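The next block holds one structure in the form of structure tokens; read it before the comments.
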Amino acid sequence: MANLNKLTLCLLFLIPMHLNAAPEFKFVNEFGEKGEGEAQFAATVFMAFGTDGAVYITDTDNFRIQKFNENGTFLFDIQMQADGAFRFINPTAITVGTDSSIYVMDWMFAEVSGLNVGAKVFNYGPCVHKFDAQGAFVASYPIQDFSQRIAPLETAAPGLDAEGNYALIIPQGDTKREFLLTVDTTGNLYVCDGGTIYRLNREGKPVAQYALAQPGTGRLVHPVDMTIDKHGNLYVVDEKGHRVLKYSTDGEFLSTFGEYGDSGGQFIAPFRIAALADGTLLVADTAKYLKDFASTLPKRLDDPTRRYDGDAQLFRYRLRRIQRFTTDGAYTQKLLVPFRREVETEGALHLKGIDSTGNLYYLDPTELVFKKYTPTTTLISSMFQTELKLRYTRDLHDIEIDNQDDLDADLHTKSDFDEQIIQDTAYANLVFSYDLNESLRLALSNRLTFVHSTDTSYYRAREFEDFRGSFNQDDRATENSWDDRIQIDFTWIRDHSLYNYREARAYVYFNVIRLDFMSEALSPANARLFDFYADLSDWGAGFHYDLGRNFRLNFGITHFFGENRYTYIDETSVLYATGFQESDFTRAVLFINGIF
């Protein structure tokens, strides 16, 4: 018959400490939610910024514009008024002038003059609505002269005019297409419509237009964002070309920078650009970096991640990058945006805007919450993690063995053999993990284990007799052991792709074990004693290297050395035996793992 009682006390700490290896962004605050009220949004939103840090958001589906201060506090909104001074039809791209005037892309109806078709004819084309700094409507500026018929009359669709009379409406191209909009320091507007840039002066009059595809651009341009610097130079992000094109104030193509790749100065489908107040450019692309961190902490019941390695957790960092360039297109810096490893949903955030000081605004597409990240230049980094795990465990074992066929079983006397084992274990593991950048990680760990155990045995039998006499063999064994391992790991992620992930890791460690074991008889008449001591150490180093998606090269070398000593004194206090053993050997292993 056996009884087992186990008491475990576990103390866990996760201490976020930070040390910066590369410039990065840190989370500051958030604002917004789903809905139709103040600081609430529908699904389709566009963002712009004032020189004072104010945030302007076009809420397309709710037909309004909202203004917030730099901390995300609601200030005012712009909605259609009953007097019909203007109409929001499909407001989208937004920009803000240096005088805080607000401009937003939309569509408008312009009556075509000089046609005698028995009904009014309207061009339905893109325009820019202008509002002053307080949100009052100023005017609507068509990007072309829509007073004349531009498209064939056969493309017209029937409709009603403001008085409810039959009218013909000529849409100017695909009404679902997207536009880009920006404004320079003097109030000139620039509208990108497909492959054409329209320039409007500060009074809203179209004064020029030019094609993005010009001699020297090399191929078709797919614009997704644009900005203008304080000198009037225009920068257009070419998503499919993985580059940025620069044009002069007059629309002349000047230069291009960028190519496909995830190295510095390269892009993977760039989609956002901003000209900063310090005269530099920030460009965001779709490059993503995933870094897994195998935690030593056990699974928590409320942990949001579902990835576990046995009882340990596997955290995943998600990093994005923002690159800095001069206005001449020279690459100067890469800044990383690390998202919290415990929050999987942050991996789905969409970058919606970059303000003039380099703050990033990400949108949670599910909750419609904006999250602000600001550049940091401190020595503190969210990619430096310190993890400390402390654990104390006590194990209690009671073992009873009894022969039920002998006489003492019927007399309810003590069992033939009793054993009591008490083991106390103290464990500490400290890990420092330091991400130098999106590809390199350095980690230092120290694992320390102390075990104290006692094993007491009662035989309950007749005393052992031999030629030396009669001896009670009840005894107690006591063991104390220390195990201390220090390890350094260096990991290099060679390819972050989910479909072709490859890494290389090197490590070196040193381990020390101290063991003190003693077994002695409990009876004062029995002098039996066994004393054992071991002093063991080993160090090792190795690496693994992914040869491809399915094969990994592994190499490891271990050097083990140490000694142990023992002394045995018999029941009559006579030194029966002593011993000494010394070990010193090295083992090296080279192998390849393959997955088929």
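To be explicit about the labels: the chains of the structure tokens are called A, B, and onward in the order shown, and within each one the residues are counted from 1, while ligands get numbers from 1 in the order they are shown.
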
Exercise for review: Find the spatial neighbours of Gly35 of chain A, counting only C-alpha atoms, within a cut-off of 12 Å - ignore same-chain residues fewer than 2 positions away - and output them as a ChimeraX atom specification.
Suggested key: /A:32-33,37-43,59,61-62,367-369

Please produce a file of the residues just selected, as a tab-separated table (two decimals), in the first residue's frame, where the atoms kept are all heavy atoms.
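Saved to result-v6.tsv:
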```
chain	number	residue	atom	x	y	z
A	32	GLY	N	-11.01	56.12	-29.79
A	32	GLY	CA	-11.97	55.68	-30.79
A	32	GLY	C	-12.65	54.38	-30.45
A	32	GLY	O	-12.23	53.64	-29.54
A	33	GLU	N	-13.71	54.09	-31.19
A	33	GLU	CA	-14.44	52.83	-31.08
A	33	GLU	C	-15.48	52.81	-32.20
A	33	GLU	O	-15.62	53.76	-32.97
A	33	GLU	CB	-15.14	52.72	-29.73
A	33	GLU	CG	-16.14	53.84	-29.45
A	33	GLU	CD	-16.77	53.72	-28.09
A	33	GLU	OE1	-16.60	52.67	-27.45
A	33	GLU	OE2	-17.44	54.68	-27.65
A	37	GLY	N	-21.28	58.17	-32.80
A	37	GLY	CA	-21.17	59.34	-31.95
A	37	GLY	C	-19.78	59.94	-31.98
A	37	GLY	O	-18.95	59.64	-32.85
A	38	GLU	N	-19.50	60.82	-31.00
A	38	GLU	CA	-18.20	61.45	-30.91
A	38	GLU	C	-17.11	60.39	-30.67
A	38	GLU	O	-17.29	59.48	-29.88
A	38	GLU	CB	-18.18	62.46	-29.77
A	38	GLU	CG	-19.07	63.67	-30.00
A	38	GLU	CD	-18.98	64.67	-28.86
A	38	GLU	OE1	-18.22	64.40	-27.91
A	38	GLU	OE2	-19.66	65.71	-28.93
A	39	ALA	N	-15.99	60.56	-31.39
A	39	ALA	CA	-14.85	59.63	-31.26
A	39	ALA	C	-15.25	58.21	-31.59
A	39	ALA	O	-14.66	57.25	-31.08
A	39	ALA	CB	-14.23	59.71	-29.88
A	40	GLN	N	-16.24	58.06	-32.45
A	40	GLN	CA	-16.64	56.74	-32.95
A	40	GLN	C	-16.58	56.74	-34.46
A	40	GLN	O	-16.72	57.79	-35.10
A	40	GLN	CB	-18.05	56.39	-32.47
A	40	GLN	CG	-18.16	56.22	-30.97
A	40	GLN	CD	-19.57	55.87	-30.52
A	40	GLN	OE1	-20.55	56.20	-31.19
A	40	GLN	NE2	-19.69	55.20	-29.38
A	41	PHE	N	-16.37	55.54	-35.03
A	41	PHE	CA	-16.14	55.47	-36.47
A	41	PHE	C	-16.84	54.26	-37.07
A	41	PHE	O	-17.17	53.29	-36.38
A	41	PHE	CB	-14.63	55.34	-36.77
A	41	PHE	CG	-13.78	56.34	-36.02
A	41	PHE	CD1	-13.09	55.96	-34.88
A	41	PHE	CD2	-13.68	57.65	-36.45
A	41	PHE	CE1	-12.31	56.86	-34.18
A	41	PHE	CE2	-12.91	58.57	-35.77
A	41	PHE	CZ	-12.23	58.17	-34.62
A	42	ALA	N	-17.03	54.35	-38.39
A	42	ALA	CA	-17.42	53.19	-39.18
A	42	ALA	C	-16.16	52.62	-39.83
A	42	ALA	O	-15.04	53.05	-39.53
A	42	ALA	CB	-18.46	53.59	-40.22
A	43	ALA	N	-16.33	51.68	-40.73
A	43	ALA	CA	-15.18	50.90	-41.19
A	43	ALA	C	-14.19	51.68	-42.05
A	43	ALA	O	-12.98	51.46	-41.96
A	43	ALA	CB	-15.68	49.67	-41.96
A	59	ASP	N	-14.59	60.02	-41.81
A	59	ASP	CA	-15.40	58.82	-41.55
A	59	ASP	C	-16.36	58.68	-42.73
A	59	ASP	O	-17.45	59.24	-42.73
A	59	ASP	CB	-16.14	58.99	-40.23
A	59	ASP	CG	-16.85	57.73	-39.79
A	59	ASP	OD1	-16.93	56.79	-40.59
A	59	ASP	OD2	-17.33	57.69	-38.64
A	61	ASP	N	-18.27	56.33	-44.13
A	61	ASP	CA	-19.60	55.72	-44.04
A	61	ASP	C	-20.55	56.52	-43.15
A	61	ASP	O	-21.78	56.38	-43.27
A	61	ASP	CB	-19.48	54.29	-43.53
A	61	ASP	CG	-18.63	53.43	-44.44
A	61	ASP	OD1	-18.66	53.67	-45.66
A	61	ASP	OD2	-17.92	52.54	-43.95
A	62	ASN	N	-20.01	57.34	-42.25
A	62	ASN	CA	-20.85	58.20	-41.43
A	62	ASN	C	-20.93	59.63	-41.98
A	62	ASN	O	-21.52	60.51	-41.32
A	62	ASN	CB	-20.33	58.25	-39.98
A	62	ASN	CG	-20.67	56.99	-39.21
A	62	ASN	OD1	-21.71	56.38	-39.43
A	62	ASN	ND2	-19.79	56.59	-38.30
A	367	GLU	N	-12.02	46.56	-33.74
A	367	GLU	CA	-12.63	47.43	-32.74
A	367	GLU	C	-12.70	48.88	-33.20
A	367	GLU	O	-13.33	49.72	-32.55
A	367	GLU	CB	-11.85	47.35	-31.43
A	367	GLU	CG	-11.76	45.95	-30.85
A	367	GLU	CD	-13.11	45.39	-30.48
A	367	GLU	OE1	-14.00	46.19	-30.12
A	367	GLU	OE2	-13.28	44.16	-30.54
A	368	LEU	N	-12.03	49.23	-34.32
A	368	LEU	CA	-11.95	50.60	-34.83
A	368	LEU	C	-11.38	51.56	-33.79
A	368	LEU	O	-11.89	52.66	-33.56
A	368	LEU	CB	-13.31	51.06	-35.32
A	368	LEU	CG	-13.90	50.27	-36.51
A	368	LEU	CD1	-15.22	50.86	-36.94
A	368	LEU	CD2	-12.92	50.21	-37.67
A	369	VAL	N	-10.31	51.11	-33.16
A	369	VAL	CA	-9.58	51.90	-32.18
A	369	VAL	C	-8.24	52.31	-32.79
A	369	VAL	O	-7.53	51.47	-33.36
A	369	VAL	CB	-9.34	51.10	-30.88
A	369	VAL	CG1	-8.45	51.88	-29.92
A	369	VAL	CG2	-10.67	50.77	-30.22
```

Which residues are close to Phe137 of chain A, i.e. within 12 Å by only C-alpha atoms, leaving aside same-chain residues fewer than 4 positions away? Reply as a list in words. Ile65, Asp77, Ile78, Gln79, Met80, Gln81, Asp83, Gly84, Ala85, Phe86, Arg87, Phe88, Ser101, Ile102, Tyr103, Val104, Val128, His129, Lys130, Phe131, Asp132, Ala133 and Tyr141 of chain A

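Residue nearest Glu438 of chain A, chosen from A:Val337, A:Ile228, A:Leu522, A:Leu168 and counting only C-alpha atoms: A:Val337.
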
Quick one: residues within 6 Å of segment 563-569 of chain A, only C-alpha atoms, excluding same-chain residues fewer than 2 positions away - as an mmCIF file with N, CA and C atoms, in the first residue's frame?
```
data_model
loop_
_atom_site.group_PDB
_atom_site.id
_atom_site.type_symbol
_atom_site.label_atom_id
_atom_site.label_comp_id
_atom_site.auth_asym_id
_atom_site.auth_seq_id
_atom_site.Cartn_x
_atom_site.Cartn_y
_atom_site.Cartn_z
ATOM 1 N N ARG A 528 26.911 1.584 10.837
ATOM 2 C CA ARG A 528 27.001 1.602 9.376
ATOM 3 C C ARG A 528 26.823 3.022 8.842
ATOM 4 N N LEU A 529 27.731 3.424 7.921
ATOM 5 C CA LEU A 529 27.701 4.768 7.343
ATOM 6 C C LEU A 529 28.255 4.724 5.920
ATOM 7 N N PHE A 530 27.494 5.332 4.996
ATOM 8 C CA PHE A 530 27.979 5.469 3.611
ATOM 9 C C PHE A 530 27.946 6.946 3.251
ATOM 10 N N ASP A 531 29.098 7.502 2.874
ATOM 11 C CA ASP A 531 29.223 8.927 2.565
ATOM 12 C C ASP A 531 29.747 9.069 1.141
ATOM 13 N N PHE A 532 28.969 9.799 0.288
ATOM 14 C CA PHE A 532 29.325 9.943 -1.125
ATOM 15 C C PHE A 532 29.312 11.429 -1.472
ATOM 16 N N TYR A 533 30.341 11.883 -2.187
ATOM 17 C CA TYR A 533 30.439 13.279 -2.604
ATOM 18 C C TYR A 533 30.882 13.326 -4.059
ATOM 19 N N ALA A 534 30.195 14.173 -4.862
ATOM 20 C CA ALA A 534 30.541 14.303 -6.286
ATOM 21 C C ALA A 534 30.676 15.774 -6.637
ATOM 22 N N ASP A 535 31.695 16.079 -7.418
ATOM 23 C CA ASP A 535 31.941 17.424 -7.933
ATOM 24 C C ASP A 535 32.086 17.300 -9.447
ATOM 25 N N SER A 573 31.782 -0.267 12.869
ATOM 26 C CA SER A 573 32.627 0.920 12.818
ATOM 27 C C SER A 573 33.995 0.641 12.212
ATOM 28 N N VAL A 574 34.053 -0.360 11.383
ATOM 29 C CA VAL A 574 35.290 -0.683 10.663
ATOM 30 C C VAL A 574 35.207 -0.051 9.273
ATOM 31 N N LEU A 575 36.274 0.624 8.867
ATOM 32 C CA LEU A 575 36.322 1.199 7.521
ATOM 33 C C LEU A 575 36.340 0.061 6.512
ATOM 34 N N TYR A 576 35.229 -0.074 5.800
ATOM 35 C CA TYR A 576 35.081 -1.206 4.893
ATOM 36 C C TYR A 576 35.633 -0.902 3.506
ATOM 37 N N ALA A 577 35.372 0.333 3.024
ATOM 38 C CA ALA A 577 35.835 0.656 1.661
ATOM 39 C C ALA A 577 35.873 2.167 1.492
ATOM 40 N N THR A 578 36.790 2.615 0.654
ATOM 41 C CA THR A 578 36.830 3.996 0.177
ATOM 42 C C THR A 578 37.019 3.966 -1.334
ATOM 43 N N GLY A 579 36.622 5.024 -1.994
ATOM 44 C CA GLY A 579 36.749 5.042 -3.447
ATOM 45 C C GLY A 579 36.918 6.443 -3.993
ATOM 46 N N PHE A 580 37.506 6.501 -5.156
ATOM 47 C CA PHE A 580 37.712 7.778 -5.846
ATOM 48 C C PHE A 580 37.622 7.521 -7.342
ATOM 49 N N GLN A 581 36.884 8.361 -8.011
ATOM 50 C CA GLN A 581 36.731 8.223 -9.460
ATOM 51 C C GLN A 581 36.846 9.592 -10.109
ATOM 52 N N GLU A 582 37.585 9.664 -11.181
ATOM 53 C CA GLU A 582 37.761 10.910 -11.900
ATOM 54 C C GLU A 582 37.381 10.697 -13.364
#
```

Please provide the set of residues having any atom within 10 Å of segment 265-274 of chain A, restricted to only C-alpha atoms, with same-chain residues fewer than 2 positions apart removed, written as an MDAnalysis selection string.
chainID A and resid 223:229 235:244 257:263 276:277 280:288 322:325 329:334 351:358

Of A:Val191, A:Leu444, A:Val589, A:Ala213, the one nearest to Phe384 of chain A when counting only C-alpha atoms is A:Leu444

For segment 544-547 of chain A: contacts at 7 Å, only C-alpha atoms, fewer than 6 positions along chain excluded, given as a PDB file with all heavy atoms, in the first residue's frame:
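Listing of part_36.pdb after writing:
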```pdb
ATOM      1  N   ARG A 502      13.722  30.396 -41.943  1.00  0.00           N
ATOM      2  CA  ARG A 502      15.030  29.790 -41.692  1.00  0.00           C
ATOM      3  C   ARG A 502      15.747  30.578 -40.610  1.00  0.00           C
ATOM      4  O   ARG A 502      15.637  31.803 -40.556  1.00  0.00           O
ATOM      5  CB  ARG A 502      15.873  29.757 -42.967  1.00  0.00           C
ATOM      6  CG  ARG A 502      15.381  28.777 -44.023  1.00  0.00           C
ATOM      7  CD  ARG A 502      16.366  28.662 -45.170  1.00  0.00           C
ATOM      8  NE  ARG A 502      16.507  29.909 -45.889  1.00  0.00           N
ATOM      9  CZ  ARG A 502      17.467  30.164 -46.779  1.00  0.00           C
ATOM     10  NH1 ARG A 502      18.400  29.247 -46.998  1.00  0.00           N
ATOM     11  NH2 ARG A 502      17.514  31.308 -47.409  1.00  0.00           N
ATOM     12  N   GLU A 503      16.490  29.866 -39.793  1.00  0.00           N
ATOM     13  CA  GLU A 503      17.247  30.527 -38.752  1.00  0.00           C
ATOM     14  C   GLU A 503      18.549  29.780 -38.502  1.00  0.00           C
ATOM     15  O   GLU A 503      18.732  28.634 -38.946  1.00  0.00           O
ATOM     16  CB  GLU A 503      16.450  30.607 -37.443  1.00  0.00           C
ATOM     17  CG  GLU A 503      16.312  29.269 -36.734  1.00  0.00           C
ATOM     18  CD  GLU A 503      15.700  29.404 -35.347  1.00  0.00           C
ATOM     19  OE1 GLU A 503      14.847  30.279 -35.170  1.00  0.00           O
ATOM     20  OE2 GLU A 503      16.090  28.612 -34.454  1.00  0.00           O
ATOM     21  N   ALA A 504      19.438  30.425 -37.789  1.00  0.00           N
ATOM     22  CA  ALA A 504      20.670  29.816 -37.307  1.00  0.00           C
ATOM     23  C   ALA A 504      20.810  30.200 -35.844  1.00  0.00           C
ATOM     24  O   ALA A 504      20.507  31.330 -35.462  1.00  0.00           O
ATOM     25  CB  ALA A 504      21.871  30.293 -38.113  1.00  0.00           C
ATOM     26  N   ARG A 505      21.262  29.256 -35.019  1.00  0.00           N
ATOM     27  CA  ARG A 505      21.418  29.535 -33.592  1.00  0.00           C
ATOM     28  C   ARG A 505      22.700  28.896 -33.086  1.00  0.00           C
ATOM     29  O   ARG A 505      22.992  27.735 -33.380  1.00  0.00           O
ATOM     30  CB  ARG A 505      20.231  29.005 -32.789  1.00  0.00           C
ATOM     31  CG  ARG A 505      20.306  29.363 -31.296  1.00  0.00           C
ATOM     32  CD  ARG A 505      19.056  28.928 -30.569  1.00  0.00           C
ATOM     33  NE  ARG A 505      19.035  27.496 -30.350  1.00  0.00           N
ATOM     34  CZ  ARG A 505      19.503  26.897 -29.251  1.00  0.00           C
ATOM     35  NH1 ARG A 505      20.043  27.617 -28.289  1.00  0.00           N
ATOM     36  NH2 ARG A 505      19.426  25.594 -29.127  1.00  0.00           N
ATOM     37  N   ALA A 506      23.444  29.663 -32.331  1.00  0.00           N
ATOM     38  CA  ALA A 506      24.659  29.171 -31.686  1.00  0.00           C
ATOM     39  C   ALA A 506      24.512  29.344 -30.186  1.00  0.00           C
ATOM     40  O   ALA A 506      23.856  30.284 -29.719  1.00  0.00           O
ATOM     41  CB  ALA A 506      25.885  29.927 -32.199  1.00  0.00           C
ATOM     42  N   LEU A 553      21.069  21.550 -40.185  1.00  0.00           N
ATOM     43  CA  LEU A 553      22.377  21.025 -39.799  1.00  0.00           C
ATOM     44  C   LEU A 553      22.605  21.321 -38.322  1.00  0.00           C
ATOM     45  O   LEU A 553      22.419  22.445 -37.870  1.00  0.00           O
ATOM     46  CB  LEU A 553      23.474  21.667 -40.642  1.00  0.00           C
ATOM     47  CG  LEU A 553      24.919  21.285 -40.296  1.00  0.00           C
ATOM     48  CD1 LEU A 553      25.183  19.826 -40.621  1.00  0.00           C
ATOM     49  CD2 LEU A 553      25.897  22.190 -41.047  1.00  0.00           C
ATOM     50  N   ASN A 554      23.018  20.290 -37.569  1.00  0.00           N
ATOM     51  CA  ASN A 554      23.235  20.426 -36.132  1.00  0.00           C
ATOM     52  C   ASN A 554      24.648  19.976 -35.774  1.00  0.00           C
ATOM     53  O   ASN A 554      25.146  18.963 -36.287  1.00  0.00           O
ATOM     54  CB  ASN A 554      22.243  19.566 -35.339  1.00  0.00           C
ATOM     55  CG  ASN A 554      20.808  19.972 -35.544  1.00  0.00           C
ATOM     56  OD1 ASN A 554      20.265  20.761 -34.788  1.00  0.00           O
ATOM     57  ND2 ASN A 554      20.187  19.422 -36.582  1.00  0.00           N
ATOM     58  N   PHE A 555      25.263  20.709 -34.891  1.00  0.00           N
ATOM     59  CA  PHE A 555      26.576  20.325 -34.364  1.00  0.00           C
ATOM     60  C   PHE A 555      26.647  20.697 -32.895  1.00  0.00           C
ATOM     61  O   PHE A 555      26.190  21.778 -32.494  1.00  0.00           O
ATOM     62  CB  PHE A 555      27.699  21.029 -35.120  1.00  0.00           C
ATOM     63  CG  PHE A 555      29.063  20.753 -34.521  1.00  0.00           C
ATOM     64  CD1 PHE A 555      29.694  19.536 -34.719  1.00  0.00           C
ATOM     65  CD2 PHE A 555      29.682  21.715 -33.736  1.00  0.00           C
ATOM     66  CE1 PHE A 555      30.924  19.284 -34.152  1.00  0.00           C
ATOM     67  CE2 PHE A 555      30.925  21.480 -33.170  1.00  0.00           C
ATOM     68  CZ  PHE A 555      31.558  20.246 -33.378  1.00  0.00           C
TER      69      PHE A 555
END
```

Separating atom CA of Ile557 of chain A from atom CA of Trp539 of chain A, to the nearest tenth of an Å, is a gap of 8.5 Å

Excluding Gly159 of chain A and any residue of its chain fewer than 3 positions from it, enumerate the residues within 9 Å of it, using only C-alpha atoms, and give them as a list in words.
Gly164, Asn165, Tyr166, Ala167, Leu168 and Ile169 of chain A

Go ahead and save the residues from that selection, with all heavy atoms, as a PDB file, in the first residue's frame.
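After the write, selection.pdb holds the following:
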```pdb
ATOM      1  N   GLY A 164     -36.245  67.897 -58.431  1.00  0.00           N
ATOM      2  CA  GLY A 164     -36.988  66.666 -58.667  1.00  0.00           C
ATOM      3  C   GLY A 164     -37.322  66.415 -60.111  1.00  0.00           C
ATOM      4  O   GLY A 164     -38.118  65.516 -60.428  1.00  0.00           O
ATOM      5  N   ASN A 165     -36.740  67.184 -61.031  1.00  0.00           N
ATOM      6  CA  ASN A 165     -37.001  67.005 -62.446  1.00  0.00           C
ATOM      7  C   ASN A 165     -36.040  65.989 -63.053  1.00  0.00           C
ATOM      8  O   ASN A 165     -34.931  65.769 -62.554  1.00  0.00           O
ATOM      9  CB  ASN A 165     -36.866  68.346 -63.179  1.00  0.00           C
ATOM     10  CG  ASN A 165     -37.865  69.364 -62.675  1.00  0.00           C
ATOM     11  OD1 ASN A 165     -39.041  69.051 -62.474  1.00  0.00           O
ATOM     12  ND2 ASN A 165     -37.389  70.600 -62.470  1.00  0.00           N
ATOM     13  N   TYR A 166     -36.478  65.381 -64.151  1.00  0.00           N
ATOM     14  CA  TYR A 166     -35.659  64.403 -64.866  1.00  0.00           C
ATOM     15  C   TYR A 166     -34.366  65.059 -65.329  1.00  0.00           C
ATOM     16  O   TYR A 166     -34.344  66.184 -65.810  1.00  0.00           O
ATOM     17  CB  TYR A 166     -36.434  63.848 -66.052  1.00  0.00           C
ATOM     18  CG  TYR A 166     -35.635  62.896 -66.914  1.00  0.00           C
ATOM     19  CD1 TYR A 166     -35.443  61.572 -66.527  1.00  0.00           C
ATOM     20  CD2 TYR A 166     -35.082  63.332 -68.122  1.00  0.00           C
ATOM     21  CE1 TYR A 166     -34.716  60.703 -67.327  1.00  0.00           C
ATOM     22  CE2 TYR A 166     -34.353  62.482 -68.928  1.00  0.00           C
ATOM     23  CZ  TYR A 166     -34.166  61.162 -68.518  1.00  0.00           C
ATOM     24  OH  TYR A 166     -33.430  60.304 -69.306  1.00  0.00           O
ATOM     25  N   ALA A 167     -33.245  64.351 -65.148  1.00  0.00           N
ATOM     26  CA  ALA A 167     -31.949  64.872 -65.550  1.00  0.00           C
ATOM     27  C   ALA A 167     -31.065  63.715 -66.008  1.00  0.00           C
ATOM     28  O   ALA A 167     -31.361  62.534 -65.783  1.00  0.00           O
ATOM     29  CB  ALA A 167     -31.275  65.617 -64.399  1.00  0.00           C
ATOM     30  N   LEU A 168     -29.985  64.058 -66.705  1.00  0.00           N
ATOM     31  CA  LEU A 168     -28.996  63.085 -67.138  1.00  0.00           C
ATOM     32  C   LEU A 168     -27.692  63.348 -66.388  1.00  0.00           C
ATOM     33  O   LEU A 168     -27.251  64.498 -66.271  1.00  0.00           O
ATOM     34  CB  LEU A 168     -28.764  63.189 -68.644  1.00  0.00           C
ATOM     35  CG  LEU A 168     -29.949  62.815 -69.534  1.00  0.00           C
ATOM     36  CD1 LEU A 168     -29.612  63.077 -71.004  1.00  0.00           C
ATOM     37  CD2 LEU A 168     -30.330  61.348 -69.337  1.00  0.00           C
ATOM     38  N   ILE A 169     -27.113  62.282 -65.889  1.00  0.00           N
ATOM     39  CA  ILE A 169     -25.893  62.402 -65.085  1.00  0.00           C
ATOM     40  C   ILE A 169     -24.785  61.610 -65.773  1.00  0.00           C
ATOM     41  O   ILE A 169     -24.945  60.408 -66.049  1.00  0.00           O
ATOM     42  CB  ILE A 169     -26.125  61.876 -63.658  1.00  0.00           C
ATOM     43  CG1 ILE A 169     -27.236  62.693 -62.980  1.00  0.00           C
ATOM     44  CG2 ILE A 169     -24.840  61.939 -62.845  1.00  0.00           C
ATOM     45  CD1 ILE A 169     -27.661  62.147 -61.645  1.00  0.00           C
TER      46      ILE A 169
END
```

If we count only C-alpha atoms, what is near Asp538 of chain A at a cut-off of 8 Å, once residues fewer than 6 positions away on the same chain are taken out, given as an mmCIF file with C-alpha atoms, in the first residue's frame?
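Output file around-v3.cif is given in full below:
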```
data_model
loop_
_atom_site.group_PDB
_atom_site.id
_atom_site.type_symbol
_atom_site.label_atom_id
_atom_site.label_comp_id
_atom_site.auth_asym_id
_atom_site.auth_seq_id
_atom_site.Cartn_x
_atom_site.Cartn_y
_atom_site.Cartn_z
ATOM 1 C CA PHE A 510 28.763 25.883 -18.495
ATOM 2 C CA ASN A 511 27.182 23.583 -15.910
ATOM 3 C CA VAL A 512 28.240 22.718 -12.337
ATOM 4 C CA THR A 558 30.388 18.647 -24.822
ATOM 5 C CA HIS A 559 33.306 18.305 -22.419
ATOM 6 C CA PHE A 560 32.527 16.538 -19.146
ATOM 7 C CA PHE A 561 34.881 16.393 -16.185
#
```

Between A:Leu245, A:Ala139, A:Leu234, A:Leu360, smallest distance to Met47 of chain A by only C-alpha atoms belongs to A:Leu360

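For the atom pair formed by atom CA of Asn437 of chain A and atom CA of Phe543 of chain A, the distance is 20.2 Å, given to one decimal.
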
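The nearest approach to Ala93 of chain A among the residues A:Gly542, A:Pro126, A:Pro215, A:Gly173, with only C-alpha atoms taken into account, belongs to A:Pro126.
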